[in-house]
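Here is the file coords-v4.json (JSON, C-alpha atoms).
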```json
[["chain", "number", "residue", "atom", "x", "y", "z"],
["A", 898, "MET", "CA", -36.18, 68.82, 41.01],
["A", 899, "GLN", "CA", -33.26, 68.61, 38.61],
["A", 900, "VAL", "CA", -33.06, 66.14, 35.75],
["A", 901, "ARG", "CA", -29.78, 65.47, 33.99],
["A", 902, "LEU", "CA", -29.56, 63.68, 30.67],
["A", 903, "LEU", "CA", -26.69, 61.17, 30.32],
["A", 904, "HIS", "CA", -25.24, 60.93, 26.85],
["A", 905, "SER", "CA", -23.09, 57.84, 27.49],
["A", 906, "LEU", "CA", -24.28, 54.26, 27.79],
["A", 907, "ALA", "CA", -23.16, 51.98, 30.57],
["A", 908, "SER", "CA", -22.44, 49.18, 28.09],
["A", 909, "THR", "CA", -22.74, 48.52, 24.38],
["A", 910, "HIS", "CA", -22.84, 45.38, 22.31],
["A", 911, "ALA", "CA", -22.44, 45.04, 18.55],
["A", 912, "SER", "CA", -23.55, 41.94, 16.68],
["A", 913, "PHE", "CA", -22.94, 41.18, 13.00],
["A", 914, "ASP", "CA", -25.88, 38.94, 12.14],
["A", 915, "ASP", "CA", -26.96, 39.99, 8.64],
["A", 916, "PRO", "CA", -26.91, 36.71, 6.63],
["A", 917, "ASN", "CA", -26.35, 38.52, 3.33],
["A", 918, "LEU", "CA", -23.26, 40.60, 4.23],
["A", 919, "VAL", "CA", -19.59, 39.73, 4.67],
["A", 920, "SER", "CA", -17.88, 41.25, 7.68],
["A", 921, "ARG", "CA", -14.31, 40.41, 6.60],
["A", 922, "ALA", "CA", -14.14, 40.49, 2.81],
["A", 923, "GLY", "CA", -10.36, 40.85, 3.02],
["A", 924, "LEU", "CA", -10.13, 37.15, 3.83],
["A", 925, "VAL", "CA", -11.15, 36.28, 0.27],
["A", 926, "PRO", "CA", -7.91, 37.31, -1.51],
["A", 927, "VAL", "CA", -5.78, 36.16, 1.46],
["A", 928, "MET", "CA", -7.14, 32.63, 1.51],
["A", 929, "ALA", "CA", -7.21, 32.47, -2.31],
["A", 930, "LEU", "CA", -3.49, 33.26, -2.31],
["A", 931, "ALA", "CA", -2.91, 30.68, 0.41],
["A", 932, "GLN", "CA", -4.77, 28.07, -1.62],
["A", 933, "ARG", "CA", -2.68, 28.79, -4.73],
["A", 934, "ALA", "CA", 0.49, 28.65, -2.67],
["A", 935, "GLY", "CA", -0.52, 25.31, -1.26],
["A", 936, "LEU", "CA", -1.76, 25.93, 2.28],
["A", 937, "VAL", "CA", -2.48, 22.28, 2.99],
["A", 938, "ALA", "CA", -1.64, 20.11, 5.94],
["A", 939, "GLU", "CA", -0.80, 16.76, 4.43],
["A", 940, "HIS", "CA", 2.37, 16.79, 6.55],
["A", 941, "VAL", "CA", 0.41, 17.24, 9.81],
["A", 942, "ARG", "CA", -1.26, 14.13, 11.15],
["A", 943, "PRO", "CA", -2.53, 14.50, 14.75],
["A", 944, "GLY", "CA", -3.81, 11.35, 16.35],
["A", 945, "GLY", "CA", -7.23, 10.54, 17.77],
["A", 946, "GLU", "CA", -10.74, 11.36, 16.60],
["A", 947, "CYS", "CA", -10.21, 15.12, 16.99],
["A", 948, "GLY", "CA", -7.09, 15.06, 14.83],
["A", 949, "VAL", "CA", -8.85, 14.19, 11.57],
["A", 950, "ASN", "CA", -9.31, 16.61, 8.65],
["A", 951, "ALA", "CA", -6.28, 18.70, 9.52],
["A", 952, "TYR", "CA", -6.27, 20.01, 5.93],
["A", 953, "LEU", "CA", -9.56, 21.80, 6.72],
["A", 954, "LYS", "CA", -9.09, 22.79, 10.35],
["A", 955, "ILE", "CA", -5.62, 24.32, 10.07],
["A", 956, "PRO", "CA", -6.71, 26.77, 7.30],
["A", 957, "CYS", "CA", -9.68, 27.70, 9.52],
["A", 958, "LEU", "CA", -7.31, 28.57, 12.35],
["A", 959, "VAL", "CA", -5.09, 30.58, 10.00],
["A", 960, "ALA", "CA", -8.08, 32.47, 8.58],
["A", 961, "GLY", "CA", -9.37, 33.27, 12.04],
["A", 962, "MET", "CA", -6.03, 34.65, 13.22],
["A", 963, "VAL", "CA", -5.70, 36.74, 10.04],
["A", 964, "ALA", "CA", -9.15, 38.17, 10.76],
["A", 965, "GLY", "CA", -8.12, 39.18, 14.29],
["A", 966, "ALA", "CA", -9.12, 36.21, 16.45],
["A", 967, "ASP", "CA", -6.93, 35.76, 19.53],
["A", 968, "SER", "CA", -8.83, 32.95, 21.26],
["A", 969, "ILE", "CA", -10.74, 29.82, 20.32],
["A", 970, "ASP", "CA", -14.08, 31.50, 21.01],
["A", 971, "ASP", "CA", -13.17, 34.24, 18.52],
["A", 972, "MET", "CA", -13.01, 31.63, 15.76],
["A", 973, "ASP", "CA", -16.79, 31.92, 15.57],
["A", 974, "LEU", "CA", -16.29, 35.06, 13.48],
["A", 975, "LEU", "CA", -15.75, 32.74, 10.50],
["A", 976, "ARG", "CA", -19.45, 31.84, 10.69],
["A", 977, "HIS", "CA", -20.75, 35.42, 10.77],
["A", 978, "GLY", "CA", -22.97, 36.70, 7.97],
["A", 979, "ALA", "CA", -22.33, 35.23, 4.54],
["A", 980, "LEU", "CA", -18.80, 33.98, 5.24],
["A", 981, "PRO", "CA", -19.95, 30.30, 5.17],
["A", 982, "ASP", "CA", -21.18, 30.95, 1.62],
["A", 983, "LEU", "CA", -17.69, 32.09, 0.58],
["A", 984, "PHE", "CA", -15.63, 29.42, 2.32],
["A", 985, "GLY", "CA", -16.23, 25.72, 2.57],
["A", 986, "GLY", "CA", -15.24, 23.46, 5.44],
["A", 987, "ILE", "CA", -15.64, 26.02, 8.25],
["A", 988, "ARG", "CA", -15.60, 24.30, 11.64],
["A", 989, "ALA", "CA", -17.06, 25.38, 14.98],
["A", 990, "PRO", "CA", -14.75, 26.92, 17.62],
["A", 991, "SER", "CA", -15.15, 23.90, 19.91],
["A", 992, "THR", "CA", -14.06, 21.58, 17.09],
["A", 993, "LEU", "CA", -11.01, 23.70, 16.36],
["A", 994, "GLY", "CA", -10.09, 23.82, 20.03],
["A", 995, "SER", "CA", -10.31, 20.04, 20.34],
["A", 996, "HIS", "CA", -8.16, 19.72, 17.23],
["A", 997, "LEU", "CA", -5.42, 21.90, 18.73],
["A", 998, "ARG", "CA", -5.48, 19.93, 21.97],
["A", 999, "SER", "CA", -4.78, 16.76, 20.00],
["A", 1000, "PHE", "CA", -1.42, 18.16, 18.80],
["A", 1001, "THR", "CA", 1.67, 16.50, 20.19],
["A", 1002, "TRP", "CA", 5.28, 17.68, 20.19],
["A", 1003, "GLY", "CA", 5.80, 15.84, 16.90],
["A", 1004, "ASN", "CA", 2.76, 17.49, 15.28],
["A", 1005, "VAL", "CA", 4.13, 20.93, 16.09],
["A", 1006, "ARG", "CA", 7.36, 19.99, 14.31],
["A", 1007, "GLN", "CA", 5.30, 18.80, 11.33],
["A", 1008, "LEU", "CA", 3.51, 22.14, 11.22],
["A", 1009, "GLU", "CA", 6.88, 23.93, 11.14],
["A", 1010, "VAL", "CA", 7.65, 22.11, 7.87],
["A", 1011, "VAL", "CA", 4.37, 23.35, 6.37],
["A", 1012, "ASN", "CA", 5.16, 26.92, 7.42],
["A", 1013, "ARG", "CA", 8.59, 26.86, 5.76],
["A", 1014, "GLN", "CA", 7.23, 25.42, 2.52],
["A", 1015, "LEU", "CA", 4.38, 27.95, 2.46],
["A", 1016, "LEU", "CA", 6.78, 30.88, 2.85],
["A", 1017, "GLY", "CA", 8.85, 29.70, -0.10],
["A", 1018, "LYS", "CA", 5.76, 29.35, -2.30],
["A", 1019, "LEU", "CA", 4.46, 32.77, -1.27],
["A", 1020, "ALA", "CA", 7.83, 34.36, -2.08],
["A", 1021, "ARG", "CA", 7.59, 32.99, -5.64],
["A", 1022, "ARG", "CA", 4.07, 34.38, -6.13],
["A", 1023, "THR", "CA", 4.22, 37.76, -4.37],
["A", 1024, "PRO", "CA", 6.72, 40.66, -4.13],
["A", 1025, "LEU", "CA", 7.72, 39.51, -0.66],
["A", 1026, "LEU", "CA", 10.84, 41.16, 0.81],
["A", 1027, "PRO", "CA", 11.68, 43.72, -1.91],
["A", 1028, "GLY", "CA", 15.39, 44.11, -2.51],
["A", 1029, "ARG", "CA", 16.24, 40.59, -1.30],
["A", 1030, "ASP", "CA", 18.28, 39.91, -4.45],
["A", 1031, "THR", "CA", 20.75, 42.59, -3.31],
["A", 1032, "LEU", "CA", 20.84, 42.42, 0.48],
["A", 1033, "ALA", "CA", 18.95, 40.45, 3.11],
["A", 1034, "PHE", "CA", 19.30, 40.19, 6.89],
["A", 1035, "ILE", "CA", 18.58, 37.05, 8.89],
["A", 1036, "ASP", "CA", 17.95, 37.59, 12.61],
["A", 1037, "ILE", "CA", 17.80, 34.67, 15.04],
["A", 1038, "ASP", "CA", 16.52, 34.87, 18.59],
["A", 1039, "ALA", "CA", 15.17, 32.60, 21.31],
["A", 1040, "MET", "CA", 12.46, 32.85, 23.93],
["A", 1041, "GLN", "CA", 11.15, 30.77, 26.78],
["A", 1042, "LYS", "CA", 7.51, 30.43, 27.77],
["A", 1043, "ARG", "CA", 7.14, 29.19, 31.33],
["A", 1044, "VAL", "CA", 4.81, 26.20, 31.77],
["A", 1045, "TYR", "CA", 3.71, 24.08, 34.70],
["A", 1046, "GLY", "CA", 3.12, 20.36, 34.98],
["A", 1047, "HIS", "CA", 5.51, 17.45, 34.48],
["A", 1048, "ARG", "CA", 3.56, 15.99, 31.55],
["A", 1049, "LYS", "CA", 3.96, 19.01, 29.27],
["A", 1050, "GLN", "CA", 5.58, 17.66, 26.10],
["A", 1051, "GLY", "CA", 8.75, 19.42, 24.98],
["A", 1052, "ALA", "CA", 9.19, 21.35, 28.23],
["A", 1053, "ALA", "CA", 12.67, 21.60, 29.70],
["A", 1054, "PHE", "CA", 14.51, 23.59, 32.31],
["A", 1055, "GLY", "CA", 16.33, 26.70, 31.19],
["A", 1056, "HIS", "CA", 17.46, 30.07, 32.46],
["A", 1057, "THR", "CA", 15.17, 33.06, 32.00],
["A", 1058, "LYS", "CA", 14.83, 36.50, 33.57],
["A", 1059, "ILE", "CA", 11.86, 37.25, 35.83],
["A", 1060, "GLN", "CA", 11.76, 40.75, 37.34],
["A", 1061, "GLY", "CA", 15.41, 41.22, 36.45],
["A", 1062, "LYS", "CA", 16.59, 38.00, 38.11],
["A", 1063, "SER", "CA", 17.96, 34.97, 36.24],
["A", 1064, "LEU", "CA", 16.04, 31.86, 37.30],
["A", 1065, "LEU", "CA", 16.02, 28.22, 36.25],
["A", 1066, "VAL", "CA", 12.43, 27.44, 35.29],
["A", 1067, "ARG", "CA", 10.52, 24.83, 33.33],
["A", 1068, "GLY", "CA", 9.33, 26.12, 29.97],
["A", 1069, "LEU", "CA", 8.93, 25.69, 26.24],
["A", 1070, "ASN", "CA", 11.98, 26.97, 24.38],
["A", 1071, "ALA", "CA", 11.37, 28.37, 20.92],
["A", 1072, "LEU", "CA", 13.73, 29.65, 18.26],
["A", 1073, "ALA", "CA", 12.59, 32.15, 15.63],
["A", 1074, "ALA", "CA", 14.35, 33.41, 12.52],
["A", 1075, "THR", "CA", 13.23, 36.48, 10.59],
["A", 1076, "ILE", "CA", 14.32, 37.82, 7.20],
["A", 1077, "SER", "CA", 14.30, 41.52, 6.39],
["A", 1078, "THR", "CA", 15.70, 43.85, 3.75],
["A", 1079, "PRO", "CA", 16.45, 47.58, 3.72],
["A", 1080, "LEU", "CA", 13.18, 47.96, 1.78],
["A", 1081, "GLY", "CA", 11.00, 45.35, 3.47],
["A", 1082, "ALA", "CA", 9.69, 44.71, 6.97],
["A", 1083, "PRO", "CA", 10.78, 41.52, 8.80],
["A", 1084, "VAL", "CA", 9.08, 38.27, 7.84],
["A", 1085, "ILE", "CA", 9.09, 35.22, 10.13],
["A", 1086, "ALA", "CA", 11.05, 32.69, 8.09],
["A", 1087, "ALA", "CA", 11.14, 29.74, 10.48],
["A", 1088, "THR", "CA", 10.30, 28.73, 14.01],
["A", 1089, "ARG", "CA", 11.57, 25.79, 15.96],
["A", 1090, "LEU", "CA", 10.24, 24.39, 19.22],
["A", 1091, "ARG", "CA", 13.51, 22.80, 20.36],
["A", 1092, "GLY", "CA", 13.98, 19.95, 23.37],
["A", 1093, "GLY", "CA", 22.29, 24.02, -1.70],
["A", 1094, "SER", "CA", 24.03, 26.50, -3.51],
["A", 1095, "ALA", "CA", 23.77, 30.20, -2.63],
["A", 1096, "SER", "CA", 22.74, 32.97, -4.98],
["A", 1097, "SER", "CA", 24.66, 36.18, -5.54],
["A", 1098, "ALA", "CA", 22.61, 38.08, -2.98],
["A", 1099, "GLN", "CA", 24.40, 38.99, 0.23],
["A", 1100, "ILE", "CA", 22.91, 37.34, 3.31],
["A", 1101, "VAL", "CA", 23.87, 38.72, 6.71],
["A", 1102, "VAL", "CA", 23.08, 36.67, 9.83],
["A", 1103, "ARG", "CA", 22.80, 38.89, 12.93],
["A", 1104, "MET", "CA", 22.87, 37.34, 16.41],
["A", 1105, "ASP", "CA", 23.44, 38.26, 20.03],
["A", 1106, "SER", "CA", 26.17, 36.87, 22.29],
["A", 1107, "ALA", "CA", 24.18, 33.72, 23.09],
["A", 1108, "TYR", "CA", 25.12, 32.45, 19.61],
["A", 1109, "TYR", "CA", 28.82, 33.34, 19.79],
["A", 1110, "ALA", "CA", 30.05, 29.77, 19.21],
["A", 1111, "ALA", "CA", 32.44, 28.11, 16.80],
["A", 1112, "LYS", "CA", 29.83, 25.69, 15.42],
["A", 1113, "VAL", "CA", 27.36, 28.50, 14.69],
["A", 1114, "ILE", "CA", 29.94, 30.60, 12.82],
["A", 1115, "ALA", "CA", 31.12, 27.54, 10.89],
["A", 1116, "ALA", "CA", 27.56, 26.73, 9.79],
["A", 1117, "ILE", "CA", 27.03, 30.29, 8.57],
["A", 1118, "ARG", "CA", 30.24, 30.23, 6.57],
["A", 1119, "ARG", "CA", 29.34, 26.89, 5.00],
["A", 1120, "GLY", "CA", 26.20, 28.62, 3.74],
["A", 1121, "ARG", "CA", 28.40, 31.37, 2.27],
["A", 1122, "ALA", "CA", 26.67, 34.05, 4.33],
["A", 1123, "SER", "CA", 28.11, 36.99, 6.22],
["A", 1124, "PHE", "CA", 27.55, 37.38, 9.94],
["A", 1125, "SER", "CA", 27.40, 39.95, 12.72],
["A", 1126, "VAL", "CA", 27.51, 38.49, 16.21],
["A", 1127, "THR", "CA", 28.10, 40.09, 19.59],
["A", 1128, "ALA", "CA", 31.33, 38.71, 21.08],
["A", 1129, "ARG", "CA", 31.49, 37.89, 24.77],
["A", 1130, "MET", "CA", 34.09, 39.89, 26.69],
["A", 1131, "ASP", "CA", 36.96, 37.57, 27.68],
["A", 1132, "ALA", "CA", 40.71, 37.91, 28.17],
["A", 1133, "LYS", "CA", 41.50, 37.56, 24.44],
["A", 1134, "ILE", "CA", 38.91, 40.15, 23.45],
["A", 1135, "ARG", "CA", 40.21, 42.56, 26.09],
["A", 1136, "ALA", "CA", 43.75, 42.11, 24.82],
["A", 1137, "ALA", "CA", 42.68, 42.81, 21.24],
["A", 1138, "ILE", "CA", 40.88, 45.99, 22.37],
["A", 1139, "ALA", "CA", 43.87, 47.16, 24.39],
["A", 1140, "ALA", "CA", 46.07, 46.85, 21.31],
["A", 1141, "ILE", "CA", 43.98, 49.36, 19.33],
["A", 1142, "GLY", "CA", 45.88, 52.62, 18.88],
["A", 1143, "GLU", "CA", 44.30, 55.93, 19.82],
["A", 1144, "GLU", "CA", 44.48, 57.14, 16.22],
["A", 1145, "ALA", "CA", 42.18, 54.29, 15.15],
["A", 1146, "TRP", "CA", 39.18, 55.55, 17.14],
["A", 1147, "THR", "CA", 36.51, 57.46, 15.21],
["A", 1148, "PRO", "CA", 33.95, 59.66, 17.03],
["A", 1149, "ILE", "CA", 30.27, 58.78, 16.75],
["A", 1150, "ARG", "CA", 27.83, 61.67, 16.51],
["A", 1151, "TYR", "CA", 24.36, 60.49, 17.46],
["A", 1152, "SER", "CA", 21.42, 62.26, 15.84],
["A", 1153, "GLU", "CA", 19.68, 62.79, 19.20],
["A", 1154, "ALA", "CA", 22.77, 63.72, 21.25],
["A", 1155, "ILE", "CA", 22.40, 66.50, 23.85],
["A", 1156, "TRP", "CA", 24.95, 69.29, 24.20],
["A", 1157, "ASP", "CA", 25.98, 69.95, 27.84],
["A", 1158, "GLU", "CA", 26.58, 73.70, 28.20],
["A", 1159, "ASP", "CA", 28.32, 73.37, 31.57],
["A", 1160, "GLN", "CA", 30.83, 70.71, 30.48],
["A", 1161, "ARG", "CA", 30.98, 71.91, 26.87],
["A", 1162, "ARG", "CA", 30.59, 68.45, 25.34],
["A", 1163, "TRP", "CA", 28.06, 66.01, 23.90],
["A", 1164, "THR", "CA", 26.53, 63.88, 26.65],
["A", 1165, "SER", "CA", 26.27, 60.77, 24.49],
["A", 1166, "GLY", "CA", 29.67, 60.95, 22.84],
["A", 1167, "ALA", "CA", 31.22, 57.62, 21.86],
["A", 1168, "GLN", "CA", 33.95, 56.24, 19.62],
["A", 1169, "VAL", "CA", 34.24, 53.20, 17.40],
["A", 1170, "ALA", "CA", 37.20, 51.27, 16.02],
["A", 1171, "GLU", "CA", 37.87, 47.93, 14.37],
["A", 1172, "VAL", "CA", 40.74, 45.46, 14.34],
["A", 1173, "PRO", "CA", 41.27, 42.03, 12.70],
["A", 1174, "TYR", "CA", 40.60, 39.23, 15.17],
["A", 1175, "THR", "CA", 40.75, 35.43, 15.00],
["A", 1176, "ALA", "CA", 38.13, 33.75, 17.17],
["A", 1177, "PHE", "CA", 38.14, 30.12, 18.30],
["A", 1178, "ALA", "CA", 41.82, 29.75, 17.41],
["A", 1179, "SER", "CA", 42.22, 26.88, 19.88],
["A", 1180, "ARG", "CA", 39.58, 24.78, 18.09],
["A", 1181, "LYS", "CA", 41.03, 22.66, 15.32],
["A", 1182, "GLY", "CA", 39.59, 23.64, 11.93],
["A", 1183, "GLN", "CA", 37.12, 26.14, 13.44],
["A", 1184, "ALA", "CA", 39.21, 29.32, 13.70],
["A", 1185, "ALA", "CA", 37.40, 32.32, 12.20],
["A", 1186, "THR", "CA", 39.14, 35.56, 11.28],
["A", 1187, "ALA", "CA", 36.88, 38.60, 10.91],
["A", 1188, "ARG", "CA", 36.54, 42.26, 11.92],
["A", 1189, "LEU", "CA", 36.21, 42.97, 15.63],
["A", 1190, "ILE", "CA", 34.20, 46.21, 15.87],
["A", 1191, "VAL", "CA", 34.39, 47.94, 19.25],
["A", 1192, "ARG", "CA", 32.42, 50.87, 20.64],
["A", 1193, "ARG", "CA", 33.62, 52.75, 23.71],
["A", 1194, "VAL", "CA", 32.01, 55.47, 25.79],
["A", 1195, "ARG", "CA", 33.74, 57.88, 28.15],
["A", 1196, "ASP", "CA", 33.57, 57.16, 31.86],
["A", 1197, "LEU", "CA", 31.54, 59.90, 33.56],
["A", 1198, "ASN", "CA", 32.29, 58.69, 37.09],
["A", 1199, "ARG", "CA", 34.67, 61.30, 38.51],
["A", 1200, "LYS", "CA", 35.43, 59.07, 41.51],
["A", 1201, "ALA", "CA", 36.91, 56.37, 39.28],
["A", 1202, "ALA", "CA", 40.47, 55.28, 40.00],
["A", 1203, "GLU", "CA", 43.24, 57.43, 38.53],
["A", 1204, "GLY", "CA", 44.18, 56.36, 35.02],
["A", 1205, "GLN", "CA", 40.76, 54.89, 34.19],
["A", 1206, "ASP", "CA", 39.94, 57.12, 31.22],
["A", 1207, "GLU", "CA", 37.70, 54.87, 29.17],
["A", 1208, "LEU", "CA", 35.07, 52.19, 29.60],
["A", 1209, "PHE", "CA", 34.25, 49.88, 26.75],
["A", 1210, "GLU", "CA", 31.16, 48.17, 25.45],
["A", 1211, "CYS", "CA", 31.13, 45.61, 22.70]]
```

Exercise: express the given structure as structure tokens:
Amino acid sequence: MQVRLLHSLASTHASFDDPNLVSRAGLVPVMALAQRAGLVAEHVRPGGECGVNAYLKIPCLVAGMVAGADSIDDMDLLRHGALPDLFGGIRAPSTLGSHLRSFTWGNVRQLEVVNRQLLGKLARRTPLLPGRDTLAFIDIDAMQKRVYGHRKQGAAFGHTKIQGKSLLVRGLNALAATISTPLGAPVIAATRLRGGSASSAQIVVRMDSAYYAAKVIAAIRRGRASFSVTARMDAKIRAAIAAIGEEAWTPIRYSEAIWDEDQRRWTSGAQVAEVPYTAFASRKGQAATARLIVRRVRDLNRKAAEGQDELFEC
């Protein structure tokens, strides 16, 4: 007979049930800072019996997410050990879940106001975004979360890509703006579920081609900010690129380029050039003159038509 000892367990379970210990002591300074900055929900007023005491339940949800909770059941971690002795007003996961279900489209918009105000107060109390007085970047992007059911508030039809195909689907459309600096990681500045004087710091708004519109550029310029937006390729853009002289192109040497011994060249070689360009010239009072920066890469298709020496990407 042979007996073999197994050194691995089929399953394990850990439980933090010591009433005198704190499993997440890091929440203490985080929530203390939030309290000094004014993490309150007087602007959020959900209806119904489950919508009461938002000023207590919303901080509970924030604390749970900071501690790593990613579901309503995980919110029970706030009641582990001695955490109830450190924080007052902790609510059960079922209560917090019912509170979230009472939120309407309007309540979400109210919560966005609280988030913006909190960020401003935190920035005045902490070294958030170092170097922002010299240079700051604002990035704006959109996303769509597909939903089902005709009674979903705020849902609308929009185009999104599923497995590489553009489809018209019902979903919640959200906008998000982040602020970053050369010295600081991005911080979510504002979110939007959609259906004054500037300082001397340079603010650069960076966007993709979905935001290449006269009204967007005009709003940025009214705020005295700089912008970098991807231009859509149209006849006017093509004509401006074609007018760039060969002497204006500067080679780009990528740090991770590969040298092809057979063809004696860099495989990722590219060139860049710029030319003044006036966009939206046909729109009265909305013409914008700026630098059109173009990058081109060499066509590697040897079967291309004669005379096709370059392909361009903007």

*Extract, using all atoms listed in the file, all DNA, RNA and protein residues at most 7 Å from region 992-995 of chain A, discarding same-chain residues fewer than 6 positions from it, and format them as a list of chain:residue names.*
A:Cys947, A:Lys954, A:Ile969

Would you write out those residues with C-alpha atoms, as a PDB file, keeping the file's coordinate frame?
```pdb
ATOM      1  CA  CYS A 947     -10.210  15.120  16.990  1.00  0.00           C
ATOM      2  CA  LYS A 954      -9.090  22.790  10.350  1.00  0.00           C
ATOM      3  CA  ILE A 969     -10.740  29.820  20.320  1.00  0.00           C
TER       4      ILE A 969
END
```

_Using all atoms listed in the file for the distances, tell me which of A:Arg1043, A:Leu997, A:Lys1112, A:Gly1081 is nearest to Ala1185 (chain A)._
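Once distances to Ala1185 (chain A) are computed over all atoms listed in the file, the minimum belongs to A:Lys1112.
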
Name all residues at most 7 Å from region 1117-1122 of chain A (count all atoms listed in the file; drop same-chain ones fewer than 4 positions away) and give them as a PDB file with C-alpha atoms, keeping the file's coordinate frame.
```pdb
ATOM      1  CA  ALA A1095      23.770  30.200  -2.630  1.00  0.00           C
ATOM      2  CA  GLN A1099      24.400  38.990   0.230  1.00  0.00           C
ATOM      3  CA  ILE A1100      22.910  37.340   3.310  1.00  0.00           C
ATOM      4  CA  VAL A1101      23.870  38.720   6.710  1.00  0.00           C
ATOM      5  CA  VAL A1113      27.360  28.500  14.690  1.00  0.00           C
TER       6      VAL A1113
END
```

*Work out how far CA of Arg1021 (chain A) is from CA of Leu975 (chain A), in Å to one decimal.*
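So the two atoms, CA of Leu975 (chain A) and CA of Arg1021 (chain A), lie 28.4 Å apart.
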
Residue contacts of Ala1033 (chain A) (9 Å, all atoms listed in the file) excluding same-chain residues fewer than 3 positions away, as a PDB file with C-alpha atoms, keeping the file's coordinate frame:
```pdb
ATOM      1  CA  LEU A1026      10.840  41.160   0.810  1.00  0.00           C
ATOM      2  CA  GLY A1028      15.390  44.110  -2.510  1.00  0.00           C
ATOM      3  CA  ARG A1029      16.240  40.590  -1.300  1.00  0.00           C
ATOM      4  CA  ASP A1030      18.280  39.910  -4.450  1.00  0.00           C
ATOM      5  CA  ILE A1076      14.320  37.820   7.200  1.00  0.00           C
ATOM      6  CA  SER A1077      14.300  41.520   6.390  1.00  0.00           C
ATOM      7  CA  THR A1078      15.700  43.850   3.750  1.00  0.00           C
ATOM      8  CA  PRO A1079      16.450  47.580   3.720  1.00  0.00           C
ATOM      9  CA  ALA A1098      22.610  38.080  -2.980  1.00  0.00           C
ATOM     10  CA  GLN A1099      24.400  38.990   0.230  1.00  0.00           C
ATOM     11  CA  ILE A1100      22.910  37.340   3.310  1.00  0.00           C
ATOM     12  CA  VAL A1101      23.870  38.720   6.710  1.00  0.00           C
ATOM     13  CA  VAL A1102      23.080  36.670   9.830  1.00  0.00           C
TER      14      VAL A1102
END
```

*If you count only C-alpha atoms, which residues fall within 9 Å of Leu1065 (chain A), apart from same-chain ones fewer than 3 positions away, as a PyMOL selection string?*
chain A and resi 1054-1058

*Go ahead and compute the interatomic distance for CA of Ala922 (chain A) and CA of Leu983 (chain A), in Å to one decimal.*
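Taking CA of Ala922 (chain A) and CA of Leu983 (chain A), their separation equals 9.4 Å.
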
*Which one is closest to Gly1017 (chain A): A:Ala931, A:Ala1082, A:Ile1037, A:Val963? Count all atoms listed in the file.*
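Among the listed residues, the smallest separation from Gly1017 (chain A) belongs to A:Ala931.
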
*CA of Gly985 (chain A) and CA of Leu953 (chain A), how far apart in Å?*
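Pair CA of Leu953 (chain A) / CA of Gly985 (chain A) returns 8.8 Å.
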
Could region 1135-1144 of chain A be completed with N, CA, C and O atoms and returned as a short mmCIF file (atom, residue, chain, number, x, y, z; two decimals), keeping the file's coordinate frame?
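Output saved as rebuild-v4.cif:
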```cif
data_model
loop_
_atom_site.label_atom_id
_atom_site.label_comp_id
_atom_site.auth_asym_id
_atom_site.auth_seq_id
_atom_site.Cartn_x
_atom_site.Cartn_y
_atom_site.Cartn_z
N ARG A 1135 39.66 41.39 25.40
CA ARG A 1135 40.21 42.56 26.09
C ARG A 1135 41.61 42.90 25.58
O ARG A 1135 41.94 44.08 25.41
N ALA A 1136 42.41 41.86 25.33
CA ALA A 1136 43.75 42.11 24.82
C ALA A 1136 43.72 42.72 23.44
O ALA A 1136 44.51 43.62 23.11
N ALA A 1137 42.80 42.26 22.59
CA ALA A 1137 42.68 42.81 21.24
C ALA A 1137 42.24 44.27 21.30
O ALA A 1137 42.71 45.12 20.53
N ILE A 1138 41.33 44.61 22.23
CA ILE A 1138 40.88 45.99 22.37
C ILE A 1138 42.01 46.89 22.87
O ILE A 1138 42.20 48.01 22.39
N ALA A 1139 42.77 46.37 23.83
CA ALA A 1139 43.87 47.16 24.39
C ALA A 1139 44.94 47.48 23.36
O ALA A 1139 45.66 48.48 23.50
N ALA A 1140 45.05 46.64 22.33
CA ALA A 1140 46.07 46.85 21.31
C ALA A 1140 45.66 47.88 20.26
O ALA A 1140 46.47 48.24 19.39
N ILE A 1141 44.44 48.37 20.30
CA ILE A 1141 43.98 49.36 19.33
C ILE A 1141 44.60 50.71 19.65
O ILE A 1141 44.49 51.21 20.78
N GLY A 1142 45.27 51.31 18.67
CA GLY A 1142 45.88 52.62 18.88
C GLY A 1142 44.85 53.74 18.96
O GLY A 1142 43.75 53.63 18.42
N GLU A 1143 45.22 54.82 19.65
CA GLU A 1143 44.30 55.93 19.82
C GLU A 1143 43.90 56.57 18.50
O GLU A 1143 42.79 57.09 18.35
N GLU A 1144 44.80 56.53 17.51
CA GLU A 1144 44.48 57.14 16.22
C GLU A 1144 43.43 56.35 15.44
O GLU A 1144 42.87 56.84 14.45
#
```
